[in-house]
$ cat upload23.txt   # compact mmCIF, C-alpha atoms
# COMPACT_ATOMS: atom_id res chain seq x y z
CA MET A 41 23.09 -42.58 -89.58
CA LEU A 42 26.23 -44.64 -89.98
CA TRP A 43 28.04 -44.56 -93.34
CA PRO A 44 30.31 -47.65 -93.35
CA ALA A 45 32.17 -47.02 -96.63
CA THR A 46 32.83 -43.41 -95.59
CA MET A 47 34.36 -44.55 -92.32
CA LEU A 48 36.43 -47.27 -93.94
CA GLY A 49 37.61 -44.91 -96.70
CA ALA A 50 38.60 -42.23 -94.21
CA ALA A 51 40.47 -44.74 -92.04
CA ALA A 52 42.33 -46.19 -95.01
CA GLY A 53 43.17 -42.73 -96.35
CA LEU A 54 44.45 -41.61 -92.95
CA ALA A 55 46.73 -44.63 -92.75
CA LEU A 56 48.10 -44.06 -96.25
CA ALA A 57 48.34 -40.28 -96.54
CA SER A 58 47.47 -38.65 -93.24
CA ILE A 59 44.77 -35.93 -93.16
CA PRO A 60 44.54 -35.30 -96.93
CA GLY A 61 44.23 -39.03 -97.51
CA ALA A 62 41.50 -39.28 -94.90
CA LEU A 63 39.52 -36.49 -96.56
CA LEU A 64 39.84 -38.05 -99.99
CA GLY A 65 39.05 -41.54 -98.71
CA GLY A 66 36.01 -40.27 -96.81
CA LEU A 67 34.74 -38.45 -99.89
CA LEU A 68 35.09 -41.53 -102.08
CA GLY A 69 33.47 -43.66 -99.40
CA GLN A 70 30.53 -41.26 -99.18
CA VAL A 71 29.95 -41.61 -102.91
CA LEU A 72 29.99 -45.40 -102.53
CA ASP A 73 27.61 -45.30 -99.55
CA ARG A 74 25.10 -43.21 -101.46
CA ARG A 75 25.33 -45.21 -104.67
CA LEU A 76 24.92 -48.57 -102.89
CA ARG A 77 22.50 -47.15 -100.29
CA LEU A 78 24.59 -48.35 -97.38
CA HIS A 79 23.05 -47.06 -94.15
CA GLY A 80 24.86 -49.32 -91.70
CA TRP A 81 27.15 -52.29 -91.25
CA ASP A 82 24.28 -54.74 -91.91
CA ASN A 83 23.81 -53.26 -95.39
CA LEU A 84 27.53 -53.61 -96.05
CA ARG A 85 27.55 -57.25 -94.96
CA GLU A 86 24.64 -57.97 -97.30
CA ARG A 87 26.50 -56.36 -100.20
CA LEU A 88 29.62 -58.38 -99.42
CA GLY A 89 27.76 -61.66 -99.76
CA GLY A 90 26.06 -62.07 -96.40
CA ARG A 91 22.51 -63.29 -96.01
CA ALA A 92 20.10 -61.46 -98.28
CA ALA A 93 17.38 -59.32 -96.75
CA PRO A 94 14.31 -61.49 -96.06
CA SER A 95 11.00 -61.04 -97.89
CA ASP A 96 8.03 -59.56 -96.01
CA ASP A 97 6.57 -62.98 -95.14
CA ASP A 98 9.96 -64.46 -94.29
CA LEU A 99 10.66 -61.50 -92.02
CA LEU A 100 7.38 -62.01 -90.18
CA PHE A 101 8.08 -65.69 -89.54
CA LEU A 102 11.63 -64.93 -88.44
CA MET A 103 10.07 -62.67 -85.82
CA LEU A 104 7.48 -65.25 -84.80
CA GLY A 105 10.14 -67.94 -84.47
CA ARG A 106 12.25 -65.73 -82.26
CA LEU A 107 9.26 -64.85 -80.10
CA ALA A 108 8.28 -68.50 -79.71
CA LYS A 109 11.81 -69.42 -78.60
CA SER A 110 12.36 -66.35 -76.40
CA ASP A 111 11.44 -68.22 -73.21
CA GLY A 112 13.66 -71.15 -74.12
CA ARG A 113 11.13 -73.66 -75.43
CA VAL A 114 8.73 -73.74 -78.37
CA VAL A 115 5.43 -75.43 -77.47
CA GLN A 116 2.69 -76.86 -79.68
CA SER A 117 0.52 -73.75 -79.34
CA HIS A 118 3.33 -71.66 -80.86
CA ILE A 119 3.52 -73.99 -83.86
CA GLN A 120 -0.25 -73.97 -84.28
CA GLN A 121 -0.27 -70.17 -84.16
CA ALA A 122 2.42 -70.03 -86.85
CA ARG A 123 0.25 -72.29 -89.03
CA SER A 124 -2.73 -70.00 -88.37
CA GLU A 125 -0.68 -67.05 -89.60
CA MET A 126 0.17 -68.96 -92.78
CA GLN A 127 -3.54 -69.60 -93.35
CA ARG A 128 -4.38 -65.97 -92.61
CA LEU A 129 -1.88 -64.84 -95.25
CA GLY A 130 -3.14 -67.39 -97.76
CA LEU A 131 0.35 -68.77 -98.43
CA ASP A 132 0.70 -71.39 -101.13
CA ALA A 133 2.71 -74.59 -100.58
CA ALA A 134 6.04 -73.07 -101.62
CA ALA A 135 5.52 -69.98 -99.50
CA GLN A 136 4.54 -72.17 -96.53
CA ARG A 137 7.79 -74.08 -96.84
CA ARG A 138 9.74 -70.82 -96.81
CA ALA A 139 7.72 -69.64 -93.81
CA ILE A 140 8.50 -72.85 -91.92
CA GLU A 141 12.20 -72.43 -92.73
CA ALA A 142 12.09 -68.79 -91.59
CA PHE A 143 10.29 -69.76 -88.36
CA ALA A 144 12.98 -72.37 -87.61
CA ARG A 145 15.73 -69.87 -88.47
CA GLY A 146 14.12 -67.26 -86.26
CA LYS A 147 14.44 -69.60 -83.29
CA THR A 148 18.23 -69.42 -83.57
CA GLY A 149 18.21 -65.66 -83.03
CA ARG A 150 21.10 -65.18 -85.46
CA ASP A 151 19.44 -62.77 -87.90
CA ASN A 152 19.78 -59.04 -87.34
CA LEU A 153 16.23 -57.78 -87.92
CA ARG A 154 16.78 -54.07 -87.39
CA THR A 155 17.55 -53.00 -90.96
CA PRO A 156 14.82 -55.07 -92.68
CA LEU A 157 12.25 -53.91 -90.11
CA GLN A 158 13.12 -50.27 -90.60
CA ARG A 159 12.28 -50.73 -94.27
CA GLN A 160 8.82 -52.14 -93.53
CA ARG A 161 7.15 -49.40 -91.53
CA GLU A 162 4.11 -49.42 -93.78
CA LEU A 163 3.50 -53.04 -92.67
CA ALA A 164 4.07 -52.31 -88.98
CA ASP A 165 0.46 -52.74 -87.85
CA ALA A 166 0.02 -56.17 -89.47
CA MET A 167 3.42 -57.43 -88.27
CA LEU A 168 2.95 -56.27 -84.70
CA ARG A 169 -0.54 -57.74 -84.51
CA ALA A 170 0.86 -61.11 -85.56
CA CYS A 171 3.57 -60.79 -82.91
CA TRP A 172 1.04 -60.06 -80.17
CA ARG A 173 -1.05 -63.04 -81.26
CA MET A 174 2.00 -65.26 -80.95
CA ALA A 175 2.99 -63.77 -77.59
CA TRP A 176 -0.48 -64.25 -76.09
CA VAL A 177 -1.06 -67.75 -77.49
CA ASP A 178 -0.08 -69.48 -74.21
CA GLY A 179 -2.21 -67.10 -72.12
CA ARG A 180 0.54 -64.78 -70.94
CA VAL A 181 3.20 -62.45 -72.30
CA SER A 182 6.61 -63.02 -70.73
CA ALA A 183 9.10 -60.26 -70.02
CA SER A 184 11.34 -61.44 -72.87
CA GLU A 185 8.44 -61.49 -75.33
CA HIS A 186 7.33 -58.02 -74.27
CA GLU A 187 10.88 -56.70 -74.56
CA LEU A 188 11.25 -58.07 -78.09
CA ILE A 189 7.96 -56.57 -79.27
CA LEU A 190 8.86 -53.19 -77.76
CA LEU A 191 12.22 -53.28 -79.52
CA TRP A 192 10.74 -54.26 -82.87
CA GLY A 193 8.00 -51.66 -82.47
CA LYS A 194 10.63 -49.00 -81.89
CA TRP A 195 12.40 -49.99 -85.11
CA LEU A 196 9.04 -49.83 -86.89
CA GLY A 197 8.38 -46.31 -85.56
CA TRP A 198 5.88 -47.11 -82.78
CA ASP A 199 6.08 -45.89 -79.18
CA SER A 200 5.55 -48.17 -76.18
CA THR A 201 2.11 -46.76 -75.28
CA ARG A 202 0.74 -47.47 -78.72
CA LEU A 203 2.31 -50.94 -78.73
CA ASP A 204 0.86 -51.93 -75.36
CA SER A 205 -2.55 -50.62 -76.41
CA LEU A 206 -2.42 -52.86 -79.47
CA GLY A 207 -1.34 -55.81 -77.33
CA GLU A 208 -4.36 -55.39 -75.05
CA GLU A 209 -6.63 -56.15 -77.99
CA TYR A 210 -5.29 -59.71 -77.96
CA ALA A 211 -5.11 -60.23 -74.19
CA PRO A 212 -7.46 -62.90 -72.79
CA ARG A 213 -10.41 -61.67 -70.81
CA ARG A 214 -9.51 -61.34 -67.15
CA SER A 215 -12.70 -63.02 -66.04
CA GLN A 216 -12.01 -66.22 -67.95
CA GLN A 217 -8.79 -68.21 -67.92
CA PRO A 218 -7.88 -70.19 -71.05
CA ALA A 219 -8.07 -73.95 -70.85
CA PRO A 220 -4.71 -75.35 -69.72
CA ALA A 221 -2.64 -77.14 -72.34
CA GLY A 222 -2.72 -80.28 -70.20
CA GLY A 223 -6.46 -79.99 -69.38
CA SER A 224 -9.22 -82.56 -69.58
CA TYR A 225 -9.31 -84.70 -72.70
CA GLN A 226 -13.12 -84.81 -72.53
CA GLU A 227 -13.26 -81.01 -72.29
CA ALA A 228 -11.05 -80.74 -75.36
CA LEU A 229 -13.36 -83.08 -77.30
CA ARG A 230 -16.41 -81.05 -76.25
CA LEU A 231 -14.74 -77.79 -77.25
CA LEU A 232 -14.12 -79.10 -80.79
CA GLY A 233 -17.59 -80.72 -80.97
CA VAL A 234 -16.24 -84.22 -81.57
CA ASN A 235 -16.13 -87.48 -79.61
CA GLU A 236 -13.71 -90.31 -78.93
CA GLY A 237 -14.98 -92.23 -81.95
CA SER A 238 -14.44 -89.39 -84.42
CA GLU A 239 -12.02 -90.05 -87.26
CA PRO A 240 -8.82 -87.93 -87.40
CA GLU A 241 -10.04 -86.14 -90.54
CA GLN A 242 -13.32 -85.24 -88.78
CA ILE A 243 -11.35 -83.80 -85.87
CA LYS A 244 -9.11 -81.79 -88.20
CA ARG A 245 -12.10 -80.40 -90.11
CA ALA A 246 -13.87 -79.42 -86.89
CA TYR A 247 -10.74 -77.68 -85.61
CA ARG A 248 -10.20 -75.73 -88.85
CA ARG A 249 -13.88 -74.77 -89.10
CA LEU A 250 -13.91 -73.40 -85.56
CA LEU A 251 -10.63 -71.55 -86.11
CA SER A 252 -12.06 -69.89 -89.19
CA ARG A 253 -15.26 -68.94 -87.37
CA HIS A 254 -13.49 -67.40 -84.37
CA HIS A 255 -10.41 -65.92 -86.03
CA PRO A 256 -9.78 -62.44 -84.52
CA ASP A 257 -8.66 -60.95 -87.84
CA LYS A 258 -11.94 -61.91 -89.52
CA LEU A 259 -13.90 -60.24 -86.74
CA ALA A 260 -11.65 -57.18 -86.81
CA GLY A 261 -12.27 -56.86 -90.54
CA SER A 262 -16.04 -56.91 -89.94
CA GLY A 263 -15.81 -54.07 -87.42
CA ALA A 264 -16.18 -56.09 -84.20
CA SER A 265 -15.52 -54.37 -80.88
CA PRO A 266 -12.18 -54.79 -79.05
CA GLU A 267 -13.98 -56.85 -76.40
CA ARG A 268 -15.33 -59.23 -79.04
CA ILE A 269 -11.88 -59.52 -80.59
CA ARG A 270 -10.41 -60.39 -77.17
CA GLU A 271 -13.06 -63.08 -76.73
CA ALA A 272 -12.24 -64.52 -80.15
CA THR A 273 -8.51 -64.48 -79.36
CA ASP A 274 -9.21 -66.34 -76.11
CA THR A 275 -11.38 -68.91 -77.91
CA THR A 276 -8.76 -69.41 -80.62
CA ARG A 277 -6.11 -70.05 -77.98
CA GLN A 278 -8.30 -72.65 -76.31
CA LEU A 279 -8.93 -74.34 -79.65
CA HIS A 280 -5.18 -74.58 -80.27
CA GLN A 281 -4.63 -76.12 -76.86
CA ALA A 282 -7.56 -78.53 -77.16
CA TYR A 283 -6.46 -79.76 -80.59
CA ALA A 284 -2.87 -80.20 -79.37
CA LEU A 285 -4.13 -82.35 -76.48
CA ILE A 286 -6.34 -84.47 -78.73
CA ARG A 287 -3.53 -84.96 -81.25
CA GLN A 288 -1.23 -86.12 -78.48
CA ARG A 289 -3.76 -88.56 -77.03
CA ARG A 290 -4.88 -89.93 -80.41
CA GLY A 291 -1.49 -89.86 -82.15
CA ILE A 292 -2.82 -87.67 -84.96
CA ARG A 293 -0.18 -86.25 -87.29

$ encode --input "upload23.txt" --output "structure tokens"
Amino acid sequence: MLWPATMLGAAAGLALASIPGALLGGLLGQVLDRRLRLHGWDNLRERLGGRAAPSDDDLLFLMLGRLAKSDGRVVQSHIQQARSEMQRLGLDAAAQRRAIEAFARGKTGRDNLRTPLQRQRELADAMLRACWRMAWVDGRVSASEHELILLWGKWLGWDSTRLDSLGEEYAPRRSQQPAPAGGSYQEALRLLGVNEGSEPEQIKRAYRRLLSRHHPDKLAGSGASPERIREATDTTRQLHQAYALIRQRRGIR
């Protein structure tokens, strides 16, 4: 553990009064570290007026934003998955706005997530599940996405074997490939159970109804098997891609 005030106090004391000064400065710094609960330089920056530690939901969407951007480009399926996570959490309008801001901020990669993650180990399972859902949303997990999840899992107290086992629950079935994002428009309409004459609101309702029916978390909560959860994850991904294609073709906002 790194005690920043202790180190700074010892360095200042050494410069002013040699070894005795270093001892006294280190002692005073240790008192300050313990009183302010400074466990690293990130804590010190926060205390000095840096960015405040994010809330639990903000932290999650910072992570999801960084994952979505990790390969260089955020696609529509990433955005749809972020919206699904907001619905899953039951966020109200104000909380959704904060989540959107956190997602956008996460894409910049500027926030140091280590300290806030280390404080949220009791939420590790839920956070890592959301990360795997985001990583798998385009049908594959890239090396950069996998590396990020392994790093975050380590900070949350998970080993790589346990992390990869969790990730497999959200992997698409090997025997069935998800519908490509640029697939057939007619196939997308059939998947959502609508037609070319359907009104935009009908299409939106059909999409949301199917998402709710096939949401992996709902099945997991009812005790479904890992295979059934993988099927639901695959179906959800296809629904995201189909809706994105229909929105693009129909100009639905």

$ atom_distance --input "upload23.txt" --atom1 "CA of Ile269 (chain A)" --atom2 "CA of Gly179 (chain A)"
14.9 Å

$ closest_residue --input "upload23.txt" --among "A:Leu102, A:Ala272, A:Trp192, A:Tyr283" --to "Gly233 (chain A)" --atoms "only C-alpha atoms"
A:Tyr283

$ residues_near_point --input "upload23.txt" --point "(7.2, -53.8, -91.2)" --cutoff "12 Å" --atoms "all atoms listed in the file" --output "PDB file with C-alpha atoms, keeping the file's coordinate frame"
ATOM      1  CA  PRO A  94      14.310 -61.490 -96.060  1.00  0.00           C
ATOM      2  CA  SER A  95      11.000 -61.040 -97.890  1.00  0.00           C
ATOM      3  CA  ASP A  96       8.030 -59.560 -96.010  1.00  0.00           C
ATOM      4  CA  ASP A  97       6.570 -62.980 -95.140  1.00  0.00           C
ATOM      5  CA  ASP A  98       9.960 -64.460 -94.290  1.00  0.00           C
ATOM      6  CA  LEU A  99      10.660 -61.500 -92.020  1.00  0.00           C
ATOM      7  CA  LEU A 100       7.380 -62.010 -90.180  1.00  0.00           C
ATOM      8  CA  MET A 103      10.070 -62.670 -85.820  1.00  0.00           C
ATOM      9  CA  LEU A 153      16.230 -57.780 -87.920  1.00  0.00           C
ATOM     10  CA  ARG A 154      16.780 -54.070 -87.390  1.00  0.00           C
ATOM     11  CA  THR A 155      17.550 -53.000 -90.960  1.00  0.00           C
ATOM     12  CA  PRO A 156      14.820 -55.070 -92.680  1.00  0.00           C
ATOM     13  CA  LEU A 157      12.250 -53.910 -90.110  1.00  0.00           C
ATOM     14  CA  GLN A 158      13.120 -50.270 -90.600  1.00  0.00           C
ATOM     15  CA  ARG A 159      12.280 -50.730 -94.270  1.00  0.00           C
ATOM     16  CA  GLN A 160       8.820 -52.140 -93.530  1.00  0.00           C
ATOM     17  CA  ARG A 161       7.150 -49.400 -91.530  1.00  0.00           C
ATOM     18  CA  GLU A 162       4.110 -49.420 -93.780  1.00  0.00           C
ATOM     19  CA  LEU A 163       3.500 -53.040 -92.670  1.00  0.00           C
ATOM     20  CA  ALA A 164       4.070 -52.310 -88.980  1.00  0.00           C
ATOM     21  CA  ASP A 165       0.460 -52.740 -87.850  1.00  0.00           C
ATOM     22  CA  ALA A 166       0.020 -56.170 -89.470  1.00  0.00           C
ATOM     23  CA  MET A 167       3.420 -57.430 -88.270  1.00  0.00           C
ATOM     24  CA  LEU A 168       2.950 -56.270 -84.700  1.00  0.00           C
ATOM     25  CA  ARG A 169      -0.540 -57.740 -84.510  1.00  0.00           C
ATOM     26  CA  ALA A 170       0.860 -61.110 -85.560  1.00  0.00           C
ATOM     27  CA  CYS A 171       3.570 -60.790 -82.910  1.00  0.00           C
ATOM     28  CA  TRP A 192      10.740 -54.260 -82.870  1.00  0.00           C
ATOM     29  CA  GLY A 193       8.000 -51.660 -82.470  1.00  0.00           C
ATOM     30  CA  LYS A 194      10.630 -49.000 -81.890  1.00  0.00           C
ATOM     31  CA  TRP A 195      12.400 -49.990 -85.110  1.00  0.00           C
ATOM     32  CA  LEU A 196       9.040 -49.830 -86.890  1.00  0.00           C
ATOM     33  CA  GLY A 197       8.380 -46.310 -85.560  1.00  0.00           C
ATOM     34  CA  TRP A 198       5.880 -47.110 -82.780  1.00  0.00           C
TER      35      TRP A 198
END

$ atom_distance --input "upload23.txt" --atom1 "CA of Arg173 (chain A)" --atom2 "CA of Thr273 (chain A)"
7.8 Å
